[in-house]
Amino acid sequence: MGTGHDAHLLYRPGDSPVHRLPPEVKIASAVAFTVAVVSTPREAFWAFGVYAALVALVAALARVPPGWLARRATIELPFVALAFALPFLGAGERVSVAGLSLSVDGLLGGWNIIAKATLGLLTSLLLVGTTTMRDLILGLDRLRVPAAITQIATFMLRYLDVLVAEARRMRVARMARGDDPRFLWQLRGFAVGLGALFLRAYERGERVWLAMRARGWSGRMPAAWHATGTATARHWSAAAALPVTAAVVAIAATVTT
Amino acid sequence: MSAAQGRDRPAGDGLAGVTTDQATEGAPGSLVVRGLTFTYPDGQQALSGVDLTVAPGERVALLGPNGAGKTTLVLHLNGILTGQGTVTVGGLTVDPADRAGLAEIRRRVGVVFQDPDDQLFLPTVAEDVAFGPANLGLRGEALRTRVEEALAAVGMAEHVHRTPHHLSFGQKRRVAVAGVLAMHPEILVLDEPSSNLDPMARRELAEIVARLPVTVLMVTHDLPYAYQLCPRAVIMDAGRIVADGPTAKLLSDSSLLARHRLELPYGFSIDA
């Protein structure tokens with residue numbers, strides 16, 4: 001089918017060169033780039049500058065505005081908070097910054113987390129922002145990811161909304177009976193609700209499976225699902241530019257540090 | 001029917017109370033269940049000897065209290081569960097060992113489950129409706145035609161590219177029906193088709209079902225709906241069929257209904 005109208009929450013419709021790349025190429029490129037970023041020594045500050053420039057270049061090619069990326073990157077904030085705690089909690093040699101005694105190792109550790117997580121997150125956002133859900137699954141399938149995993153991913157994406165709606169209804173029902181949820185105080189009701197939600201998800205899984213079998217499902221997705229438009233050598237070489245550049249930078253950074 | 005229900009029953013009541021003879025048993029769209037018993041692994045006996053014969057083109061309501069075994073029976077009709085006894089669909093007997101036969105049984109018997117969210121699991125309406133026929137091996141233009149036909153039959157053609165979770169509940173149920181119609185079933189089994197629908201969506205679905213040229217078995221607690229759509233009704237209780245006859249006759253027998261925890265909604269009465 002591959003009608004391409006299956007927008008998901010993070011998808012940004014468009015018709016840029018990045019949007020048009022086959023999904024398997026984009027996934028492979030994003031994963032390889034992230035591996036290069038993560039394996040770069042944290043002291044090689046210049047290398048992270050190059051990576052940031054590469055991400056900005058891809059964003060520009062995909063015509064994804066910085067504000068769009070920034071708003072969706074806020075999911076990272078809890079991890080950033082952890083990274084900010086490290087300089088205070090870290091052991092070993094300490095430096096004094098603006099009257100605060102900070103651990104050198106903690107500072108580098110915090111920087112390491114923030115820099116690598118941000119780059120990885122922006123890469124993933126660019127990937128999902130330019131690829132529809134159907135194409136993401138199809139791309140994973142073509143990369144020979146086991147069918148069980150791609151199917152689980154399909155179901156997770158489809159049923160996330162259903163589960164979130166169920167959780168919301170359960171929360172409203174708790175509030176209707178006098179529960180007073182505030183940030184921390186709602187934890188108890190939430191934790192109990194999670195158990196109930198798990199049971200409901202489990203039962204739903206069974207009903208979904210029955211409904212699929214009733215429509216002739218025999219364990220494999222229909223062959224007709226595999227639409228045309230697989231990657232060519234040209235696609236692969238175009239998309240390889242990003243991870244190859246990053247790999248060169250990572251090697252240079254490792255050698256010089 | 002009481003004044004409370006303004007709509008007349010659709011035409012075509014001629015099949016009411018048909019007792020199918022041997023000649024119709026092998027015909028496409030016929031259903032024969034003989035001596036069916038089933039016990040769940042936990043020891044609970046859900047079916048204790050069900051006999052039911054449905055003629056091609058009939059619309060039959062399957063009534064009964066919660067826990068009577070209605071859903072268990074439905075899951076036997078397309079071979080998802082198999083117990084002792086036989087189920088024969090259009091001359092083909094359900095046999096769990098015969099994989100090709102089972103696939104054909106599931107094409108012939110289309111089951112629309114109660115919660116459309118259980119059935120609609122793909123990202124777009126088009127893909128979901130295509131799931132069944134694609135499992136039958138259809139592809140390309142033939143597959144697309146099936147999807148378009150099925151969506152047109154339930155009045156959802158213009159929503160082909162939408163995401164199922166953005167549809168209203170009534171629309172979701174219609175798409176679920178389309179997903180089964182696209183397999184060209186001979187028998188359509190509807191599990192509580194009117195539940196959670198607003199009055200207009202309930203009526204629209206009734207009009208769609210009444211137009212379909214297939215055998216219909218409708219599991220429901222909505223007795224006026226059964227009366228409106230099905231000339232014949234069977235009542236199930238404690239795993240067996242306890243009454244079988246014209247819907248009007250069964251629903252006018254208030255002591256029969258009361259014995260099986262059934263009753264017409266307030267303000268309704270039906271004359272046999």
# chains A, B, ... in the order shown; residues from 1 in each chain; ligands from 1
call {"tool": "interface_residues", "arguments": {"of": "chain B", "to": "chain A", "cutoff": "8 Å", "atoms": "only C-alpha atoms", "output": "PyMOL selection string"}}
result
chain B and resi 78+80+103+106-107+110-113+117-119+121-124+126-127+131-132+134-140+161-163+165+180+183
call {"tool": "closest_atom_pairs", "arguments": {"of": "stretch 82-143 of chain A", "to": "stretch 235-248 of chain A", "cutoff": "12 Å", "atoms": "only C-alpha atoms", "output": "tab-separated table"}}
result
residue	atom	partner	partner_atom	distance
A:Leu119	CA	A:Ala246	CA	11.8
A:Thr123	CA	A:Leu242	CA	10.8
A:Leu127	CA	A:Ala239	CA	11.9
call {"tool": "write_last_selection", "arguments": {"atoms": "N, CA and C atoms", "output": "PDB file, in the first residue's frame"}}
result
ATOM      1  N   LEU A 119      23.230  15.130  20.522  1.00  0.00           N
ATOM      2  CA  LEU A 119      23.492  14.803  19.121  1.00  0.00           C
ATOM      3  C   LEU A 119      22.698  13.575  18.690  1.00  0.00           C
ATOM      4  N   THR A 123      19.668  13.538  15.898  1.00  0.00           N
ATOM      5  CA  THR A 123      19.741  12.623  14.751  1.00  0.00           C
ATOM      6  C   THR A 123      18.454  11.803  14.638  1.00  0.00           C
ATOM      7  N   LEU A 127      15.543  11.737  11.741  1.00  0.00           N
ATOM      8  CA  LEU A 127      15.132  10.501  11.077  1.00  0.00           C
ATOM      9  C   LEU A 127      13.611  10.347  11.102  1.00  0.00           C
TER      10      LEU A 127
END
call {"tool": "select_by_dssp", "arguments": {"residues": "stretch 31-74 of chain B", "states": "strand (DSSP E or B)", "output": "VMD selection string"}}
result
chain B and resid 31 to 39 45 to 54 59 to 63
call {"tool": "atom_distance", "arguments": {"atom1": "atom CA of A:Leu82", "atom2": "atom CA of A:Ala52"}}
result
21.9 Å
call {"tool": "residues_around", "arguments": {"residues": "B:Gly85", "least_positions_apart": "6", "cutoff": "12 Å", "atoms": "only C-alpha atoms", "output": "MDAnalysis selection string"}}
result
chainID B and resid 32:38 47:52 73 76:77 93:95
call {"tool": "residues_around", "arguments": {"residues": "A:Trp68", "least_positions_apart": "5", "cutoff": "12 Å", "atoms": "only C-alpha atoms", "output": "list of chain:residue names"}}
result
A:Leu10, A:Tyr11, A:Arg12, A:Ala59, A:Arg63, A:Ala73, A:Thr74, A:Leu122, A:Leu125, A:Leu126, A:Gly129
call {"tool": "write_last_selection", "arguments": {"atoms": "N, CA and C atoms", "output": "JSON list (two decimals), in the first residue's frame"}}
result
[["chain", "number", "residue", "atom", "x", "y", "z"],
["A", 10, "LEU", "N", 5.69, 12.64, 15.51],
["A", 10, "LEU", "CA", 6.95, 13.34, 15.29],
["A", 10, "LEU", "C", 7.24, 13.56, 13.80],
["A", 11, "TYR", "N", 6.33, 13.14, 12.94],
["A", 11, "TYR", "CA", 6.58, 13.27, 11.51],
["A", 11, "TYR", "C", 6.27, 14.68, 11.04],
["A", 12, "ARG", "N", 7.19, 15.21, 10.20],
["A", 12, "ARG", "CA", 6.98, 16.54, 9.64],
["A", 12, "ARG", "C", 6.92, 16.39, 8.12],
["A", 59, "ALA", "N", 19.65, 18.98, 8.80],
["A", 59, "ALA", "CA", 18.38, 19.67, 9.12],
["A", 59, "ALA", "C", 18.04, 20.68, 8.04],
["A", 63, "ARG", "N", 14.94, 20.75, 5.43],
["A", 63, "ARG", "CA", 14.08, 21.92, 5.67],
["A", 63, "ARG", "C", 13.29, 21.76, 6.97],
["A", 73, "ALA", "N", 13.13, 18.39, 21.35],
["A", 73, "ALA", "CA", 14.29, 17.91, 22.09],
["A", 73, "ALA", "C", 14.11, 18.09, 23.60],
["A", 74, "THR", "N", 13.04, 18.76, 24.03],
["A", 74, "THR", "CA", 12.84, 19.00, 25.47],
["A", 74, "THR", "C", 12.67, 17.70, 26.24],
["A", 122, "LEU", "N", 18.98, 14.57, 18.38],
["A", 122, "LEU", "CA", 18.69, 15.37, 17.19],
["A", 122, "LEU", "C", 18.73, 14.49, 15.93],
["A", 125, "LEU", "N", 15.53, 12.54, 15.87],
["A", 125, "LEU", "CA", 14.42, 13.43, 15.52],
["A", 125, "LEU", "C", 14.39, 13.71, 14.03],
["A", 126, "LEU", "N", 15.60, 13.90, 13.44],
["A", 126, "LEU", "CA", 15.65, 14.15, 12.01],
["A", 126, "LEU", "C", 15.19, 12.92, 11.23],
["A", 129, "GLY", "N", 11.41, 12.58, 11.85],
["A", 129, "GLY", "CA", 10.73, 13.76, 11.33],
["A", 129, "GLY", "C", 10.59, 13.72, 9.82]]
call {"tool": "residues_around", "arguments": {"residues": "stretch 95-97 of chain A", "least_positions_apart": "6", "cutoff": "12 Å", "atoms": "only C-alpha atoms", "output": "PDB file with N, CA and C atoms, in the first residue's frame"}}
result
ATOM      1  N   PRO A  87      28.740  17.286  38.304  1.00  0.00           N
ATOM      2  CA  PRO A  87      29.898  18.057  38.787  1.00  0.00           C
ATOM      3  C   PRO A  87      29.902  18.227  40.304  1.00  0.00           C
ATOM      4  N   PHE A  88      28.691  18.204  40.917  1.00  0.00           N
ATOM      5  CA  PHE A  88      28.629  18.364  42.373  1.00  0.00           C
ATOM      6  C   PHE A  88      28.880  17.044  43.075  1.00  0.00           C
ATOM      7  N   SER A 103      33.747  18.911  40.697  1.00  0.00           N
ATOM      8  CA  SER A 103      34.622  17.806  40.350  1.00  0.00           C
ATOM      9  C   SER A 103      34.957  17.866  38.861  1.00  0.00           C
ATOM     10  N   VAL A 104      36.249  17.786  38.524  1.00  0.00           N
ATOM     11  CA  VAL A 104      36.672  17.832  37.121  1.00  0.00           C
ATOM     12  C   VAL A 104      36.081  16.644  36.362  1.00  0.00           C
ATOM     13  N   ASP A 105      36.184  15.477  36.994  1.00  0.00           N
ATOM     14  CA  ASP A 105      35.658  14.276  36.356  1.00  0.00           C
ATOM     15  C   ASP A 105      34.145  14.393  36.146  1.00  0.00           C
ATOM     16  N   GLY A 106      33.465  14.961  37.149  1.00  0.00           N
ATOM     17  CA  GLY A 106      32.021  15.155  37.054  1.00  0.00           C
ATOM     18  C   GLY A 106      31.660  16.123  35.939  1.00  0.00           C
ATOM     19  N   LEU A 107      32.454  17.200  35.804  1.00  0.00           N
ATOM     20  CA  LEU A 107      32.202  18.175  34.736  1.00  0.00           C
ATOM     21  C   LEU A 107      32.306  17.502  33.367  1.00  0.00           C
ATOM     22  N   LEU A 108      33.405  16.734  33.190  1.00  0.00           N
ATOM     23  CA  LEU A 108      33.592  16.057  31.907  1.00  0.00           C
ATOM     24  C   LEU A 108      32.491  15.023  31.681  1.00  0.00           C
TER      25      LEU A 108
END
